[in-house]
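Input: a single structure, listed below in C-alpha cells.
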Amino acid sequence: MRFPRLAAFLLAASVPCVCAAQQDTQKEVERYRQLLAEGNPADLFEAKGEELWKTPRGPKNASLEQCDLGLGAGVVKGAFARLPRYFPDTDRVQDLESRIVTCMVTLQGFKPEEAMKNPFSAPGRPSAMEALASYVAGASKGMKLAAPLSHPKEIEAFRIGEELFYRRAGPHDFACVSCHGDNGKRIRLQELPKLTDPHDARRIFTTWPAYRVSQGTVRTMQHRLYDCYWQMRHPQLDYASEASIALEVFMAKYANGGDIEAPGLKR
Amino acid sequence: MRIRANMAGDKVEVRVLMSHEMETGQRKDTSGALVPAHFIQNVTVTHAGKTVLSAQWGTSISKNPFMHFRFKGGKPGEKVIISWVDNKGERRTDEAVIGGGS
Amino acid sequence: MDTRRRGVLRAGGALALAVTAALLRPVRAFAQQWNKAAFETKSVAATLKALGGSGSTESAQVQITAPDIAENGAVVPITIESGIPRTRAIAILIEKNPSTLSADFDIPEGTDPFITTRVKMAETSNIYAVVQADGKYFHAVKEIKVTLGGCGG
C-alpha cells in the first residue's frame with residue numbers, strides 16, 4: 001500500500017507526547033508569542049490601509065470611503081464581524097477581500113483583473129490588499145464574529161465549503177481535514193487547529209489577516225487558503241473564487257462567537 | 001511610523017514600530033541575485049529639544065523594527081519626535097503627543 | 001565621557017572636508033555616528049574592542065529578557081535592563097550571526113537603562129548584552145534556540 005510521506009510525517013507528529021521537555025518547549029513558544037504581542041507590525045499595515053481607503057485611486061479617481069461592506073455604504077466599523085455574507089447587488093456570497101475587490105471595481109473603476117492583480121505581496125512589491133484588509137478587519141477589533149449563515153446562498157456556500165473541507169484529492173490524497181480534523185496535531189512546533197472545534201476555529205478565523213513574522217508581511221485569509229491548497233498539492237485555489245469563499249463560510253460557522261483580534265500576529 | 005507615548009508614573013513610556021525592509025545584504029532574490037543591504041543605521045528620539053535616546057543599528061534588527069523604552073521629564077500633551085536614517089540616506093521623522101496614564 | 005563617540009566624531013570631521021557644505025549639512029548629524037568598524041566585527045571580543053572596551057565583566061545587574069526558544073529567527077524579541085548606576089550605553093551582540101553587533105543604544109541621563117527591540121538570529125546562539133557605565137563594560141549572556149518550520153495557523 002502506498003503511504004504518502006506527508007501523511008506519515010503528520011502521523012508521527014501527532015503521536016501524543018507527555019514528556020516534560022515538549023511541554024516546556026510549548027510554554028517557551030507561548031512566551032515568545034506574548035513578547036511579540038506588545039508591538040504588532042500589522043499596525044503599520046492598518047495605518048497604510050486606512051490611508052489607501054481614503055485616497056482617490058483608479059480610473060474614476062475615487063476613494064473607497066463609500067464602499068458597502070454589508071452594513072451600508074461608508075460603514076467600516078463592525079463590517080468584518082458580519083463576513084462572509086450574501087450581497088444582493090452582486091448576488092454572491094462574499095468575503096472581506098472579494099468585497100473590497102467589488103468596491104475597487106464599482107467605485108474606483110478598476111477592472112476586476114486589475115483589482116486582483118497583486119493580492120499577495122512579495123519583497124519589494126507591497127500589496128494594497130494586505131493593507132486594506134488589515135484596516136477593515138482592524139475596525140472590528142473586540143467585536144464578536146457573527147457571520148449570518150441564513151440566506152439560502154450562504155447555506156449553499158457552507159455546504160460547498162463542507163464538501164471541500166472533507167474531500168481528499170491530489171497526489172498526497174489530502175484534504176483540509178487531514179491536518180485540521182483532530183486536536184493536538186502539529187507540524188514541527190506549529191499546532192494545527194481543529195477547524196470544526198469552536199475553541200480552535202474562534203481563535204484562528206478571527207485572527208486573519210495576520211502579520212506573519214516568517215514572511216515579514218501581513219497575509220490575508222485568502223493567502224492562508226491558497227497556501228494550504230499549495231501545501232496539499234491541490235490545483236491552485238483561485239483568488240476570491242467561489243470555492244475559497246465557501247471554505248471561509250464553512251469555517252465561520254464554527255468560529256462564530258469568537259472575539260475578533262485581527263489583524264493578528266503569527267509565526 | 002506608529003508611535004505610542006504614554007505616561008507611566010513620572011515617566012514617558014514609548015513604543016514605536018517603523019516600516020522598513022531591513023535587508024541584510026545576504027538574501028537572494030528569485031533570480032539568484034543578492035539583494036543589496038538596505039537598513040536603518042541611526043535612530044534618534046527627542047523630547048523638548050533634548051535627545052532622550054539614540055541608537056545605531058546593524059542589519060540584524062528585524063524587518064519593521066520595534067522599540068520600547070522609557071524616559072523622565074515629559075508631560076501629557078508634549079511631543080516625542082522620532083527620526084531614522086538608513087544606509088541609502090533615506091530618512092523619516094514622525095512625532096506623537098504624549099498621552100495620559102496608560 | 002564616552003570616548004568611542006569622540007573617536008567616531010573625529011573620523012566624521014575628516015570625512016566632512018571632502019564633501020561640499022551644502023551636501024554635508026543634512027547628512028552630518030547622523031552619518032558620522034554610525035560605527036562602521038564595530039558593525040563589521042565577527043566575534044564578541046572584536047566587537048567589544050571596536051566599541052572601545054578592553055574587557056567586560058559579567059554582571060547579574062544586567063538582565064536579558066527573551067524567550068529560550070524563538071519560533072522564528074527573523075524576529076526575536078529581546079529586552080535588556082541594567083541596574084548599574086550611570087549606564088550610558090547598551091549594546092546587543094549575537095555571537096553566531098555573520099556580523100556580531102546588532103545594535104548599540106546611547107542612554108542619556110533621564111532615560112531608563114532599559115530597551116526592548118527585536119533582532120534576527122541566523123541560528124541558535126548566545127546573545128550578549130553589553131552595558132557601558134562609568135567607562136567600564138559589563139555584560140550578561142543568554143542562549144536562544146531558533147526553530148524552523150510550521151505554517152502560521
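Residue numbers start at 1 in each chain; chains themselves are named A, B, ... in the order of the C-alpha cells; ligands are numbered from 1 in the order shown.
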Counting only C-alpha atoms, which residues of chain B sit at most 7 Å from some atom of chain C, and what is each one's closest atom pair with its distance in Å to one decimal, listed by chain and rising residue number, as a Markdown table?
```
| residue | atom | partner | partner_atom | distance |
| --- | --- | --- | --- | --- |
| B:Gln41 | CA | C:Trp34 | CA | 6.6 |
| B:Asn42 | CA | C:Phe30 | CA | 6.5 |
| B:Val52 | CA | C:Pro108 | CA | 6.0 |
| B:Leu53 | CA | C:Ile107 | CA | 5.7 |
| B:Ser54 | CA | C:Asp106 | CA | 5.3 |
| B:Ala55 | CA | C:Phe105 | CA | 4.2 |
| B:Gln56 | CA | C:Asp104 | CA | 5.2 |
| B:Trp57 | CA | C:Ala103 | CA | 4.4 |
| B:Gly58 | CA | C:Ser102 | CA | 5.1 |
| B:Thr59 | CA | C:Ser102 | CA | 7.0 |
| B:Ser60 | CA | C:Lys120 | CA | 4.9 |
| B:Ile61 | CA | C:Val119 | CA | 4.4 |
| B:Ser62 | CA | C:Val119 | CA | 4.9 |
| B:Pro65 | CA | C:Arg118 | CA | 6.8 |
| B:Phe66 | CA | C:Thr117 | CA | 5.4 |
| B:Met67 | CA | C:Thr117 | CA | 4.7 |
| B:His68 | CA | C:Thr116 | CA | 4.9 |
| B:Phe69 | CA | C:Ile115 | CA | 5.1 |
| B:Arg70 | CA | C:Asp112 | CA | 5.6 |
| B:Phe71 | CA | C:Thr111 | CA | 4.0 |
| B:Lys72 | CA | C:Gly110 | CA | 5.2 |
```
Output the selection as an mmCIF file, in the first residue's frame - N, CA and C atoms for each residue.
```cif
data_model
loop_
_atom_site.group_PDB
_atom_site.id
_atom_site.type_symbol
_atom_site.label_atom_id
_atom_site.label_comp_id
_atom_site.auth_asym_id
_atom_site.auth_seq_id
_atom_site.Cartn_x
_atom_site.Cartn_y
_atom_site.Cartn_z
ATOM 1 N N GLN B 41 20.266 52.831 9.987
ATOM 2 C CA GLN B 41 21.541 52.871 10.714
ATOM 3 C C GLN B 41 21.451 53.684 12.001
ATOM 4 N N ASN B 42 20.652 54.746 11.953
ATOM 5 C CA ASN B 42 20.575 55.616 13.129
ATOM 6 C C ASN B 42 19.135 55.972 13.467
ATOM 7 N N VAL B 52 16.546 61.935 23.905
ATOM 8 C CA VAL B 52 16.253 61.016 25.011
ATOM 9 C C VAL B 52 16.680 59.584 24.699
ATOM 10 N N LEU B 53 16.976 59.314 23.433
ATOM 11 C CA LEU B 53 17.537 58.009 23.062
ATOM 12 C C LEU B 53 18.149 58.138 21.679
ATOM 13 N N SER B 54 19.331 57.545 21.511
ATOM 14 C CA SER B 54 19.849 57.432 20.149
ATOM 15 C C SER B 54 20.412 56.037 19.983
ATOM 16 N N ALA B 55 20.291 55.539 18.776
ATOM 17 C CA ALA B 55 20.703 54.162 18.541
ATOM 18 C C ALA B 55 21.404 54.042 17.204
ATOM 19 N N GLN B 56 22.356 53.107 17.156
ATOM 20 C CA GLN B 56 22.972 52.703 15.904
ATOM 21 C C GLN B 56 22.555 51.256 15.680
ATOM 22 N N TRP B 57 22.084 50.978 14.483
ATOM 23 C CA TRP B 57 21.631 49.635 14.178
ATOM 24 C C TRP B 57 22.434 49.011 13.051
ATOM 25 N N GLY B 58 22.569 47.699 13.122
ATOM 26 C CA GLY B 58 23.136 46.944 12.025
ATOM 27 C C GLY B 58 22.027 46.260 11.233
ATOM 28 N N THR B 59 22.399 45.304 10.388
ATOM 29 C CA THR B 59 21.411 44.648 9.517
ATOM 30 C C THR B 59 20.572 43.616 10.263
ATOM 31 N N SER B 60 20.956 43.282 11.504
ATOM 32 C CA SER B 60 20.234 42.211 12.189
ATOM 33 C C SER B 60 19.121 42.701 13.111
ATOM 34 N N ILE B 61 18.710 43.953 12.944
ATOM 35 C CA ILE B 61 17.457 44.373 13.576
ATOM 36 C C ILE B 61 16.331 43.905 12.645
ATOM 37 N N SER B 62 15.272 43.354 13.231
ATOM 38 C CA SER B 62 14.210 42.734 12.429
ATOM 39 C C SER B 62 13.520 43.719 11.496
ATOM 40 N N PRO B 65 11.002 47.381 12.293
ATOM 41 C CA PRO B 65 11.569 47.391 13.659
ATOM 42 C C PRO B 65 10.617 47.912 14.731
ATOM 43 N N PHE B 66 10.818 47.355 15.924
ATOM 44 C CA PHE B 66 10.054 47.745 17.111
ATOM 45 C C PHE B 66 11.019 48.152 18.211
ATOM 46 N N MET B 67 10.631 49.166 18.960
ATOM 47 C CA MET B 67 11.481 49.618 20.056
ATOM 48 C C MET B 67 10.583 50.094 21.206
ATOM 49 N N HIS B 68 10.992 49.813 22.419
ATOM 50 C CA HIS B 68 10.247 50.209 23.613
ATOM 51 C C HIS B 68 11.251 50.701 24.646
ATOM 52 N N PHE B 69 11.007 51.916 25.171
ATOM 53 C CA PHE B 69 11.920 52.463 26.189
ATOM 54 C C PHE B 69 11.149 53.496 27.026
ATOM 55 N N ARG B 70 11.798 54.014 28.078
ATOM 56 C CA ARG B 70 11.162 54.986 28.972
ATOM 57 C C ARG B 70 12.119 56.128 29.281
ATOM 58 N N PHE B 71 11.542 57.331 29.390
ATOM 59 C CA PHE B 71 12.388 58.449 29.834
ATOM 60 C C PHE B 71 11.605 59.351 30.800
ATOM 61 N N LYS B 72 12.369 60.129 31.574
ATOM 62 C CA LYS B 72 11.774 61.028 32.564
ATOM 63 C C LYS B 72 11.685 62.447 32.004
#
```
Identify all chain A residues at most 8 Å from chain B by counting only C-alpha atoms; ligands do not count. Present them as a ChimeraX atom specification. /A:39,41,43-44,216
Contacts from chain A to chain C, 7 Å maximum, only C-alpha atoms: show me the residue list as JSON, numbers by chain. {"A": [28, 29, 31, 32, 35, 36, 187, 188, 189, 190, 192, 193, 204, 213, 214, 266, 267]}
Take the residues from that selection and put them in a file with N, CA and C atoms, as a PDB file, in the first residue's frame.
```pdb
ATOM      1  N   GLU A  28       7.568  27.949  26.195  1.00  0.00           N
ATOM      2  CA  GLU A  28       8.508  28.973  25.718  1.00  0.00           C
ATOM      3  C   GLU A  28       8.026  29.605  24.414  1.00  0.00           C
ATOM      4  N   VAL A  29       7.444  28.773  23.540  1.00  0.00           N
ATOM      5  CA  VAL A  29       6.915  29.318  22.288  1.00  0.00           C
ATOM      6  C   VAL A  29       5.757  30.271  22.596  1.00  0.00           C
ATOM      7  N   ARG A  31       5.490  32.016  25.279  1.00  0.00           N
ATOM      8  CA  ARG A  31       6.119  33.209  25.830  1.00  0.00           C
ATOM      9  C   ARG A  31       6.665  34.089  24.705  1.00  0.00           C
ATOM     10  N   TYR A  32       7.267  33.446  23.738  1.00  0.00           N
ATOM     11  CA  TYR A  32       7.780  34.155  22.562  1.00  0.00           C
ATOM     12  C   TYR A  32       6.656  34.958  21.909  1.00  0.00           C
ATOM     13  N   LEU A  35       5.622  37.967  24.035  1.00  0.00           N
ATOM     14  CA  LEU A  35       6.590  39.057  23.978  1.00  0.00           C
ATOM     15  C   LEU A  35       6.430  39.864  22.688  1.00  0.00           C
ATOM     16  N   LEU A  36       6.014  39.201  21.625  1.00  0.00           N
ATOM     17  CA  LEU A  36       5.839  39.915  20.359  1.00  0.00           C
ATOM     18  C   LEU A  36       4.542  40.723  20.324  1.00  0.00           C
ATOM     19  N   ILE A 187       2.778  20.495  13.063  1.00  0.00           N
ATOM     20  CA  ILE A 187       3.869  20.407  12.099  1.00  0.00           C
ATOM     21  C   ILE A 187       5.048  21.052  12.804  1.00  0.00           C
ATOM     22  N   ARG A 188       6.080  20.281  13.064  1.00  0.00           N
ATOM     23  CA  ARG A 188       7.188  20.759  13.909  1.00  0.00           C
ATOM     24  C   ARG A 188       6.610  21.372  15.189  1.00  0.00           C
ATOM     25  N   LEU A 189       6.888  22.651  15.452  1.00  0.00           N
ATOM     26  CA  LEU A 189       6.363  23.237  16.695  1.00  0.00           C
ATOM     27  C   LEU A 189       5.004  23.896  16.508  1.00  0.00           C
ATOM     28  N   GLN A 190       4.512  23.878  15.278  1.00  0.00           N
ATOM     29  CA  GLN A 190       3.289  24.600  14.981  1.00  0.00           C
ATOM     30  C   GLN A 190       2.071  23.728  15.242  1.00  0.00           C
ATOM     31  N   LEU A 192      -1.685  22.559  14.876  1.00  0.00           N
ATOM     32  CA  LEU A 192      -2.656  22.660  13.793  1.00  0.00           C
ATOM     33  C   LEU A 192      -4.051  22.725  14.403  1.00  0.00           C
ATOM     34  N   PRO A 193      -4.769  23.786  14.152  1.00  0.00           N
ATOM     35  CA  PRO A 193      -6.100  23.909  14.755  1.00  0.00           C
ATOM     36  C   PRO A 193      -7.091  22.912  14.165  1.00  0.00           C
ATOM     37  N   ILE A 204      -8.616  31.099  15.446  1.00  0.00           N
ATOM     38  CA  ILE A 204      -7.921  31.127  14.163  1.00  0.00           C
ATOM     39  C   ILE A 204      -8.607  32.069  13.178  1.00  0.00           C
ATOM     40  N   VAL A 213       5.491  36.696  10.986  1.00  0.00           N
ATOM     41  CA  VAL A 213       6.879  37.097  11.252  1.00  0.00           C
ATOM     42  C   VAL A 213       7.837  36.365  10.314  1.00  0.00           C
ATOM     43  N   SER A 214       7.471  35.163   9.874  1.00  0.00           N
ATOM     44  CA  SER A 214       8.362  34.419   8.985  1.00  0.00           C
ATOM     45  C   SER A 214       8.388  35.025   7.580  1.00  0.00           C
ATOM     46  N   LYS A 266       1.327  36.105  13.732  1.00  0.00           N
ATOM     47  CA  LYS A 266       1.582  34.670  13.681  1.00  0.00           C
ATOM     48  C   LYS A 266       3.006  34.375  13.225  1.00  0.00           C
ATOM     49  N   ARG A 267       3.384  33.105  13.404  1.00  0.00           N
ATOM     50  CA  ARG A 267       4.733  32.683  13.092  1.00  0.00           C
ATOM     51  C   ARG A 267       5.201  33.070  11.688  1.00  0.00           C
TER      52      ARG A 267
END
```
Based on DSSP run over this structure's backbone, return all residues of range 108-197 of chain A in strand (DSSP E), as number ranges by chain. A: 185-187, 190-192
Rounded to one decimal place, report the CA of Gly49 in chain A-CA of Tyr135 in chain A distance in Å.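 Value for the CA of Gly49 in chain A-CA of Tyr135 in chain A distance: 5.0 Å.
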Write out as number ranges by chain all residues of range 101-213 of chain A that DSSP puts in helix (DSSP H, G or I) for this structure's backbone. A: 101-106, 112-115, 128-138, 152-166, 176-180, 198-205
Residue subset to file, keeping N, CA and C atoms, as a tab-separated table (two decimals), in the first residue's frame:
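The resulting file, out_37.tsv, is reproduced below:
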```tsv
chain	number	residue	atom	x	y	z
A	101	VAL	N	-12.60	43.95	-3.52
A	101	VAL	CA	-12.42	43.93	-4.97
A	101	VAL	C	-13.64	44.55	-5.66
A	102	THR	N	-14.84	44.14	-5.22
A	102	THR	CA	-16.08	44.69	-5.80
A	102	THR	C	-16.09	46.21	-5.71
A	103	CYS	N	-15.72	46.74	-4.54
A	103	CYS	CA	-15.72	48.20	-4.37
A	103	CYS	C	-14.64	48.87	-5.24
A	104	MET	N	-13.52	48.21	-5.39
A	104	MET	CA	-12.47	48.77	-6.26
A	104	MET	C	-12.97	48.84	-7.70
A	105	VAL	N	-13.79	47.88	-8.08
A	105	VAL	CA	-14.34	47.85	-9.44
A	105	VAL	C	-15.46	48.88	-9.59
A	106	THR	N	-16.43	48.84	-8.69
A	106	THR	CA	-17.60	49.71	-8.87
A	106	THR	C	-17.31	51.17	-8.52
A	112	PRO	N	-11.77	44.04	-12.88
A	112	PRO	CA	-11.59	43.01	-11.83
A	112	PRO	C	-10.18	42.43	-11.83
A	113	GLU	N	-9.61	42.17	-13.02
A	113	GLU	CA	-8.27	41.58	-13.05
A	113	GLU	C	-7.21	42.54	-12.50
A	114	GLU	N	-7.46	43.84	-12.67
A	114	GLU	CA	-6.53	44.82	-12.08
A	114	GLU	C	-6.65	44.81	-10.55
A	115	ALA	N	-7.89	44.76	-10.08
A	115	ALA	CA	-8.13	44.79	-8.63
A	115	ALA	C	-7.56	43.55	-7.95
A	128	ALA	N	-1.58	46.37	-1.92
A	128	ALA	CA	-2.60	47.26	-1.35
A	128	ALA	C	-3.64	46.43	-0.59
A	129	MET	N	-3.94	45.22	-1.10
A	129	MET	CA	-4.97	44.40	-0.46
A	129	MET	C	-4.59	44.03	0.97
A	130	GLU	N	-3.31	43.70	1.19
A	130	GLU	CA	-2.88	43.33	2.54
A	130	GLU	C	-3.12	44.49	3.52
A	131	ALA	N	-2.91	45.71	3.03
A	131	ALA	CA	-3.13	46.88	3.89
A	131	ALA	C	-4.63	47.16	4.05
A	132	LEU	N	-5.38	47.12	2.96
A	132	LEU	CA	-6.81	47.41	3.02
A	132	LEU	C	-7.54	46.40	3.91
A	133	ALA	N	-7.21	45.12	3.74
A	133	ALA	CA	-7.85	44.07	4.55
A	133	ALA	C	-7.51	44.26	6.03
A	134	SER	N	-6.26	44.66	6.32
A	134	SER	CA	-5.86	44.90	7.72
A	134	SER	C	-6.69	46.02	8.32
A	135	TYR	N	-6.88	47.07	7.53
A	135	TYR	CA	-7.63	48.23	8.02
A	135	TYR	C	-9.08	47.86	8.32
A	136	VAL	N	-9.73	47.20	7.36
A	136	VAL	CA	-11.15	46.88	7.54
A	136	VAL	C	-11.34	45.88	8.69
A	137	ALA	N	-10.51	44.86	8.74
A	137	ALA	CA	-10.62	43.87	9.81
A	137	ALA	C	-10.37	44.53	11.16
A	138	GLY	N	-9.35	45.38	11.21
A	138	GLY	CA	-8.98	46.05	12.46
A	138	GLY	C	-10.09	46.92	13.02
A	152	PRO	N	-30.28	31.58	1.74
A	152	PRO	CA	-30.08	30.29	1.03
A	152	PRO	C	-28.70	30.19	0.37
A	153	LYS	N	-28.19	31.28	-0.17
A	153	LYS	CA	-26.87	31.22	-0.82
A	153	LYS	C	-25.75	31.04	0.21
A	154	GLU	N	-25.96	31.58	1.40
A	154	GLU	CA	-24.96	31.39	2.47
A	154	GLU	C	-24.97	29.92	2.91
A	155	ILE	N	-26.15	29.36	2.98
A	155	ILE	CA	-26.25	27.95	3.38
A	155	ILE	C	-25.66	27.05	2.29
A	156	GLU	N	-25.91	27.41	1.05
A	156	GLU	CA	-25.32	26.67	-0.06
A	156	GLU	C	-23.78	26.75	0.00
A	157	ALA	N	-23.28	27.95	0.27
A	157	ALA	CA	-21.83	28.12	0.36
A	157	ALA	C	-21.25	27.27	1.48
A	158	PHE	N	-21.94	27.23	2.61
A	158	PHE	CA	-21.49	26.39	3.72
A	158	PHE	C	-21.38	24.93	3.28
A	159	ARG	N	-22.39	24.45	2.54
A	159	ARG	CA	-22.38	23.04	2.10
A	159	ARG	C	-21.22	22.78	1.14
A	160	ILE	N	-20.97	23.74	0.25
A	160	ILE	CA	-19.85	23.58	-0.69
A	160	ILE	C	-18.54	23.56	0.10
A	161	GLY	N	-18.42	24.47	1.07
A	161	GLY	CA	-17.22	24.53	1.89
A	161	GLY	C	-17.00	23.24	2.66
A	162	GLU	N	-18.08	22.72	3.19
A	162	GLU	CA	-18.00	21.46	3.94
A	162	GLU	C	-17.51	20.33	3.03
A	163	GLU	N	-18.07	20.29	1.84
A	163	GLU	CA	-17.68	19.26	0.87
A	163	GLU	C	-16.18	19.36	0.57
A	164	LEU	N	-15.72	20.60	0.34
A	164	LEU	CA	-14.30	20.81	0.01
A	164	LEU	C	-13.39	20.46	1.19
A	165	PHE	N	-13.85	20.77	2.39
A	165	PHE	CA	-13.04	20.56	3.58
A	165	PHE	C	-12.72	19.07	3.77
A	166	TYR	N	-13.69	18.22	3.44
A	166	TYR	CA	-13.51	16.78	3.67
A	166	TYR	C	-13.05	16.01	2.43
A	176	CYS	N	-8.37	19.16	3.63
A	176	CYS	CA	-8.18	20.08	4.75
A	176	CYS	C	-8.24	19.30	6.06
A	177	VAL	N	-9.19	18.36	6.10
A	177	VAL	CA	-9.43	17.61	7.34
A	177	VAL	C	-8.22	16.76	7.74
A	178	SER	N	-7.34	16.45	6.78
A	178	SER	CA	-6.15	15.64	7.13
A	178	SER	C	-5.32	16.35	8.19
A	179	CYS	N	-5.24	17.66	8.11
A	179	CYS	CA	-4.47	18.43	9.09
A	179	CYS	C	-5.37	19.06	10.16
A	180	HIS	N	-6.59	19.40	9.80
A	180	HIS	CA	-7.41	20.24	10.67
A	180	HIS	C	-8.66	19.54	11.19
A	198	PRO	N	-15.11	24.70	17.82
A	198	PRO	CA	-15.25	26.15	18.01
A	198	PRO	C	-14.09	26.78	18.79
A	199	HIS	N	-13.54	26.05	19.76
A	199	HIS	CA	-12.43	26.61	20.55
A	199	HIS	C	-11.26	27.00	19.64
A	200	ASP	N	-10.90	26.10	18.74
A	200	ASP	CA	-9.80	26.38	17.82
A	200	ASP	C	-10.24	27.34	16.71
A	201	ALA	N	-11.40	27.07	16.14
A	201	ALA	CA	-11.86	27.87	14.99
A	201	ALA	C	-11.96	29.34	15.36
A	202	ARG	N	-12.43	29.63	16.59
A	202	ARG	CA	-12.62	31.02	17.00
A	202	ARG	C	-11.30	31.77	17.07
A	203	ARG	N	-10.27	31.10	17.58
A	203	ARG	CA	-9.02	31.86	17.73
A	203	ARG	C	-8.24	31.92	16.41
A	204	ILE	N	-8.62	31.10	15.45
A	204	ILE	CA	-7.92	31.13	14.16
A	204	ILE	C	-8.61	32.07	13.18
A	205	PHE	N	-9.88	31.85	12.97
A	205	PHE	CA	-10.60	32.61	11.95
A	205	PHE	C	-10.62	34.11	12.26
```
Could you check the closest approach to Val249 in chain A for each of A:Gln66, A:Ser150, A:Ser121, A:Gln23 and tell me which residue wins, using only C-alpha atoms?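 With only C-alpha atoms as the atom set, the closest residue is A:Ser150.
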Between CA of His139 in chain C and CA of Lys96 in chain C, what is the distance in Å, rounded to a tenth? 17.0 Å
Glu90 in chain B: which residues within 10 Å, counting only C-alpha atoms, same-chain residues fewer than 3 positions away excluded, as number ranges by chain? B: 38-40, 84-87
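Between CA of Ala139 in chain A and CA of Gly78 in chain A there is a distance of 6.4 Å.
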Which residue out of C:Ser43, C:Ala60, C:Gly83, C:Gly53 has the minimum interatomic distance to Val141 in chain C when only C-alpha atoms are used? C:Ala60
